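Q: Quick one, run_37.csv (CSV, C-alpha atoms):
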chain,number,residue,atom,x,y,z
A,26,MET,CA,0.0,0.0,0.0
A,27,GLY,CA,1.1,3.6,-0.6
A,28,ASN,CA,3.6,2.5,-3.3
A,29,CYS,CA,2.9,5.4,-5.7
A,30,LEU,CA,5.0,6.8,-8.5
A,31,GLY,CA,5.9,10.3,-9.3
A,32,ASP,CA,6.6,9.5,-13.0
A,33,PRO,CA,6.1,6.7,-15.4
A,34,GLY,CA,9.5,5.1,-14.7
A,35,PRO,CA,10.0,2.3,-12.1
A,36,MET,CA,10.6,3.2,-8.5
A,37,ASP,CA,14.0,2.4,-7.1
A,38,PRO,CA,13.8,-1.0,-5.3
A,39,ILE,CA,14.4,-1.3,-1.6
A,40,LEU,CA,17.4,-3.5,-1.2
A,41,LEU,CA,18.0,-5.4,2.1
A,42,PRO,CA,20.8,-7.8,3.1
A,43,GLU,CA,20.1,-11.4,2.2
A,44,GLY,CA,17.9,-13.0,4.8
A,45,GLN,CA,16.7,-9.7,6.3
A,46,GLN,CA,12.9,-9.1,6.3
A,47,LEU,CA,10.8,-6.1,6.9
A,48,ALA,CA,9.0,-6.4,10.2
A,49,LEU,CA,5.8,-4.3,10.2
A,50,GLY,CA,5.6,-2.5,13.5
A,51,GLY,CA,9.4,-2.5,13.9
A,52,ASN,CA,11.0,0.9,14.1
A,53,GLN,CA,14.6,2.2,13.7
A,54,PRO,CA,15.9,5.7,14.2
A,55,LEU,CA,16.5,7.7,11.0
A,56,ILE,CA,20.0,6.9,9.7
A,57,HIS,CA,22.1,10.1,9.7
A,58,GLU,CA,23.5,9.6,6.2
A,59,PRO,CA,22.2,10.6,2.8
A,60,VAL,CA,20.7,8.0,0.6
A,61,GLU,CA,23.2,7.2,-2.2
A,62,TRP,CA,22.0,6.6,-5.8
A,63,THR,CA,23.0,7.1,-9.4
A,64,SER,CA,20.6,8.4,-12.1
A,65,GLU,CA,20.5,6.5,-15.4
A,66,VAL,CA,20.6,9.9,-17.1
A,67,PRO,CA,22.4,12.8,-15.4
A,68,LEU,CA,19.9,15.3,-14.1
A,69,THR,CA,20.1,19.1,-13.7
A,70,GLU,CA,18.9,20.8,-10.6
A,71,GLY,CA,15.7,21.9,-12.4
A,72,GLN,CA,15.0,18.4,-13.7
A,73,LEU,CA,15.5,16.9,-10.2
A,74,ARG,CA,13.2,19.5,-8.7
A,75,GLY,CA,10.5,18.7,-11.3
A,76,LYS,CA,10.6,15.0,-10.5
A,77,ARG,CA,10.3,15.7,-6.8
A,78,ASP,CA,7.4,18.2,-7.3
A,79,THR,CA,5.6,15.7,-9.5
A,80,PHE,CA,5.9,12.9,-6.9
A,81,TRP,CA,4.9,15.0,-3.9
A,82,GLU,CA,1.9,16.5,-5.7
A,83,THR,CA,0.6,13.1,-6.8
A,84,ALA,CA,1.6,10.8,-3.9
A,85,PRO,CA,-1.5,11.6,-1.7
A,86,THR,CA,-3.9,10.8,-4.5
A,87,TYR,CA,-2.9,7.1,-4.5
A,88,ASP,CA,-2.9,5.7,-1.0
A,89,GLY,CA,-2.1,6.6,2.5
A,90,ARG,CA,-3.1,9.7,4.6
A,91,PRO,CA,-2.4,13.2,3.3
A,92,GLU,CA,-1.1,14.4,6.7
A,93,ILE,CA,1.5,11.6,6.7
A,94,TRP,CA,2.6,12.5,3.2
A,95,ASN,CA,3.0,16.1,4.4
A,96,ALA,CA,5.1,15.0,7.3
A,97,LEU,CA,7.3,12.7,5.2
A,98,LYS,CA,7.9,15.6,2.8
A,99,ALA,CA,9.0,17.9,5.6
A,100,ALA,CA,11.2,15.1,7.1
A,101,ALA,CA,12.8,14.4,3.8
A,102,GLU,CA,13.6,18.1,3.3
A,103,ALA,CA,15.1,18.4,6.8
A,104,ALA,CA,17.2,15.3,6.4
A,105,GLU,CA,18.6,16.5,3.1
A,106,GLU,CA,19.7,19.6,4.9
A,107,GLU,CA,21.3,17.3,7.5
A,108,ASP,CA,19.0,18.5,10.2
A,109,TYR,CA,18.4,15.0,11.4
A,110,ASP,CA,17.1,16.0,14.8
A,111,LEU,CA,14.3,18.0,13.1
A,112,ALA,CA,13.5,15.1,10.7
A,113,GLN,CA,13.3,12.6,13.5
A,114,ALA,CA,11.0,14.9,15.5
A,115,ILE,CA,8.7,15.2,12.5
A,116,LEU,CA,8.6,11.4,12.1
A,117,ASN,CA,8.0,10.9,15.8
A,118,GLY,CA,5.2,13.4,15.8
A,119,ALA,CA,3.6,11.6,12.8
A,120,ASN,CA,3.8,8.2,14.6
A,121,VAL,CA,5.4,6.5,11.7
A,122,SER,CA,7.9,3.6,11.7
A,123,LEU,CA,11.0,3.1,9.7
A,124,PRO,CA,11.9,-0.7,9.6
A,125,THR,CA,15.2,0.0,7.9
A,126,GLY,CA,16.0,3.4,9.3
A,127,GLN,CA,15.5,5.0,5.9
A,128,LEU,CA,12.7,7.2,4.4
A,129,THR,CA,12.5,4.9,1.4
A,130,ASP,CA,10.1,2.6,3.3
A,131,VAL,CA,7.8,4.0,6.0
A,132,TYR,CA,4.7,2.7,7.8
A,133,ASP,CA,2.0,4.6,9.6
A,134,GLU,CA,0.3,3.4,12.8
A,135,LEU,CA,-2.5,1.9,10.7
A,136,GLY,CA,-0.1,-0.3,8.7
A,137,ASN,CA,-0.2,1.8,5.5
A,138,ARG,CA,3.1,1.8,3.6
A,139,TYR,CA,4.7,4.9,2.1
A,140,ALA,CA,7.5,4.3,-0.4
A,141,ILE,CA,9.5,7.4,-1.2
A,142,PRO,CA,11.9,7.3,-4.2
A,143,LYS,CA,15.5,8.0,-3.6
A,144,TYR,CA,15.4,11.1,-5.9
A,145,CYS,CA,13.2,12.8,-3.3
A,146,LEU,CA,15.7,12.2,-0.5
A,147,SER,CA,19.1,13.2,-2.0
A,148,ARG,CA,20.9,14.2,-5.2
A,149,PRO,CA,22.4,11.6,-7.5
A,150,SER,CA,26.1,11.0,-7.5
A,151,ASN,CA,26.2,11.9,-11.2
A,152,MET,CA,24.4,15.2,-10.8
A,153,GLY,CA,24.5,17.3,-14.0
A,154,SER,CA,25.3,21.0,-14.4
A,155,ARG,CA,22.9,23.6,-12.9
A,156,LEU,CA,20.5,25.4,-15.2
A,157,ALA,CA,21.6,28.8,-16.3
A,158,ASP,CA,18.2,30.3,-15.4
A,159,GLY,CA,18.9,29.5,-11.7
A,160,ALA,CA,16.1,26.8,-11.4
A,161,GLY,CA,18.4,24.9,-9.2
A,162,ASP,CA,19.0,27.6,-6.7
A,163,ARG,CA,18.2,26.5,-3.1
A,164,LEU,CA,15.6,28.3,-1.1
A,165,GLU,CA,17.0,31.0,1.1
A,166,PRO,CA,16.3,30.7,4.8
A,167,GLU,CA,13.7,32.9,6.3
A,168,PRO,CA,15.4,36.2,7.3
A,169,GLU,CA,15.9,36.7,11.0
A,170,SER,CA,14.0,39.5,12.7
A,171,SER,CA,15.9,42.4,14.2
A,172,GLU,CA,16.8,42.2,17.9
A,173,ALA,CA,14.3,44.9,18.7
A,174,ASP,CA,11.6,43.1,16.7
A,175,GLN,CA,12.3,39.9,18.6
A,176,ARG,CA,11.5,41.2,22.0
A,177,PRO,CA,8.1,43.0,22.1
A,178,PRO,CA,6.4,43.8,25.4
A,179,GLN,CA,4.9,40.8,27.2
A,180,ARG,CA,1.2,40.4,26.9
A,181,THR,CA,-1.2,38.7,29.4
A,182,LEU,CA,-4.5,37.1,28.4
A,183,SER,CA,-6.4,40.0,29.9
A,184,SER,CA,-4.5,42.5,27.7
A,185,LEU,CA,-5.1,40.4,24.7
A,186,GLN,CA,-8.8,40.4,25.3
A,187,LYS,CA,-8.7,44.2,25.2
A,188,GLN,CA,-7.1,44.4,21.8
A,189,ALA,CA,-9.3,44.7,18.7
A,190,GLY,CA,-9.2,42.5,15.6
A,191,GLY,CA,-8.7,39.0,17.0
A,192,THR,CA,-10.2,36.4,19.3
A,193,PRO,CA,-8.2,35.3,22.4
A,194,ILE,CA,-7.1,31.7,22.1
A,195,THR,CA,-4.8,29.4,24.0
A,196,ILE,CA,-2.3,27.3,22.1
A,197,LYS,CA,-0.8,24.1,23.6
A,198,VAL,CA,2.9,23.6,22.6
A,199,ARG,CA,5.1,20.5,23.0
A,200,LEU,CA,8.7,21.6,23.4
A,201,SER,CA,11.6,19.4,22.4
A,202,THR,CA,13.5,20.6,25.6
A,203,ARG,CA,10.7,19.9,28.1
A,204,SER,CA,8.8,16.8,29.2
A,205,LYS,CA,5.5,18.7,29.8
A,206,ASP,CA,3.4,20.7,27.3
A,207,VAL,CA,3.0,24.4,27.9
A,208,LYS,CA,0.2,26.8,27.1
A,209,VAL,CA,0.5,30.2,25.4
A,210,ALA,CA,-2.2,32.9,25.2
A,211,LEU,CA,-2.5,34.6,21.8
A,212,LEU,CA,-4.9,36.3,19.5
A,213,SER,CA,-6.3,34.5,16.4
A,214,THR,CA,-4.8,37.4,14.4
A,215,ASP,CA,-1.3,36.8,15.8
A,216,ARG,CA,1.3,35.0,13.7
A,217,VAL,CA,3.5,32.0,14.3
A,218,ARG,CA,6.4,34.4,15.0
A,219,ASP,CA,4.4,35.9,17.9
A,220,LEU,CA,4.0,32.4,19.3
A,221,LYS,CA,7.8,31.9,19.2
A,222,ARG,CA,8.3,35.3,20.9
A,223,LYS,CA,5.8,34.3,23.7
A,224,LEU,CA,7.6,31.1,24.3
A,225,GLU,CA,10.8,33.0,24.8
A,226,ALA,CA,9.2,35.7,27.0
A,227,ASP,CA,7.0,33.4,29.1
A,228,TYR,CA,9.1,30.3,29.4
A,229,GLY,CA,12.7,31.5,28.8
A,230,ILE,CA,13.0,29.4,25.6
A,231,ALA,CA,15.6,30.1,23.0
A,232,PRO,CA,15.3,33.2,20.7
A,233,PRO,CA,12.6,32.8,17.9
A,234,GLN,CA,15.1,32.2,15.1
A,235,LYS,CA,16.2,29.0,17.0
A,236,ILE,CA,12.7,27.6,17.2
A,237,LYS,CA,10.9,25.6,14.5
A,238,MET,CA,7.2,25.0,14.8
A,239,LEU,CA,5.4,22.0,13.4
A,240,TYR,CA,1.8,21.1,13.1
A,241,SER,CA,0.2,18.2,11.2
A,242,GLY,CA,3.5,17.2,9.8
A,243,ARG,CA,4.3,20.6,8.4
A,244,VAL,CA,7.0,23.1,9.3
A,245,LEU,CA,5.1,26.4,9.9
A,246,ASN,CA,6.2,29.6,8.3
A,247,SER,CA,6.7,32.4,10.8
A,248,SER,CA,4.4,34.7,8.9
A,249,THR,CA,1.4,32.4,9.0
A,250,LEU,CA,-1.6,33.6,10.9
A,251,ILE,CA,-2.7,31.5,13.9
A,252,LYS,CA,-6.3,31.5,12.8
A,253,ASP,CA,-5.3,30.0,9.4
A,254,LEU,CA,-3.9,26.9,11.1
A,255,GLU,CA,-7.4,25.9,12.2
A,256,ILE,CA,-6.1,24.0,15.2
A,257,PRO,CA,-8.8,21.9,16.8
A,258,LYS,CA,-9.2,22.3,20.6
A,259,GLY,CA,-6.8,20.1,22.5
A,260,PHE,CA,-4.4,19.6,19.6
A,261,VAL,CA,-0.7,20.3,20.1
A,262,ILE,CA,1.9,22.3,18.1
A,263,GLN,CA,5.4,20.9,18.3
A,264,ALA,CA,8.3,23.2,18.9
A,265,ILE,CA,11.8,22.0,18.0
A,266,VAL,CA,14.3,24.1,19.9
A,267,HIS,CA,17.9,24.3,18.7
A,268,VAL,CA,20.1,25.0,21.7
Take the structure in this file and express it as structure tokens.

A:
Amino acid sequence: MGNCLGDPGPMDPILLPEGQQLALGGNQPLIHEPVEWTSEVPLTEGQLRGKRDTFWETAPTYDGRPEIWNALKAAAEAAEEEDYDLAQAILNGANVSLPTGQLTDVYDELGNRYAIPKYCLSRPSNMGSRLADGAGDRLEPEPESSEADQRPPQRTLSSLQKQAGGTPITIKVRLSTRSKDVKVALLSTDRVRDLKRKLEADYGIAPPQKIKMLYSGRVLNSSTLIKDLEIPKGFVIQAIVHV
């Protein structure tokens, strides 16, 4: 189940040592090494990105759960950037298992299988030249806010209720550096960056630029409005803190 293809070509097979079997329900930590592979035809950055986009756009239409596919995409992108701690946190939050420790073969808690081709996990060893139009340029990281912008005055729930334009809400956050969830008071018109600032102000967490927020398997953009997340009551946002 879940073995879907991003293009008409065959998917790279999952090779295991002789005698080794995949045990459904078994789980191994994500291997901290890139997946090695060689393309039959050298690919440019633009061509590789096109294959990846096609796979991730079509994968949820075949089998498996969309929120798991979103989580796997985020984990694959983090692992390729060698942020293995973030990738592992995303996988843990999605409650998926890696029998071989690789993202090429993943199972969710319902037993659905998600097979990800190697070209979505790393670049081939015979990568071609980059396109002149810059299609292979990597995405730039989100610019950090200025120091003055990072430390606004603290707000209490009562002060939030007096402000116009938003509904007071409480967000439950699960921090990677603490064993217990914490609660943060915000307005629905606040943004994810405001949530990060409140974590720093109220709980002494690291500066906002060292916090990554995840919800439903997705890494949240700092400019996203809280109300646009549509978080059901009782659900938790994960916060990965880089210390």

Q: For a test of reading the model, state the distance in Å between atom CA of A:Ile56 and atom CA of A:Tyr109, rounded to one decimal.

A: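 According to the coordinates, atom CA of A:Ile56 and atom CA of A:Tyr109 are separated by 8.4 Å.
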
Q: What lies within 7 Å of A:Lys235 using all atoms listed in the file, ignoring chain neighbours under 2 positions off, as a list in words?

A: Ala231, Pro232, Pro233, Lys237, Val266 and His267 of chain A

Q: So which residues touch stretch 123-136 of chain A within 6 Å, counting only C-alpha atoms, skipping near sequence neighbours fewer than 3 positions away, as a list in words?

A: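 Contacts, in chain order: Gly51, Asn52, Gln53, Pro54, Leu55, Ile56, Tyr139, Ala140 and Ile141 of chain A.
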
Q: Rank A:Lys208, A:Arg77, A:His57, A:Arg243 by their smallest atom-to-atom distance to A:Gly259, using all atoms listed in the file, and report the top residue only.

A: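 For A:Gly259, the nearest of the given residues is A:Lys208.
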
Q: At what distance in Å, to one decimal, does atom CA of A:Ile196 lie from atom CA of A:Pro257?

A: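 Interatomic distance here is 10.0 Å.
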
Q: What residues have an atom no more than 9 Å from (13.1, 12.5, -1.4) in the file's own frame, counting only C-alpha atoms, and can you write them as an MDAnalysis selection string?

A: chainID A and resid 77 81 97:98 101:102 105 128:129 141:148
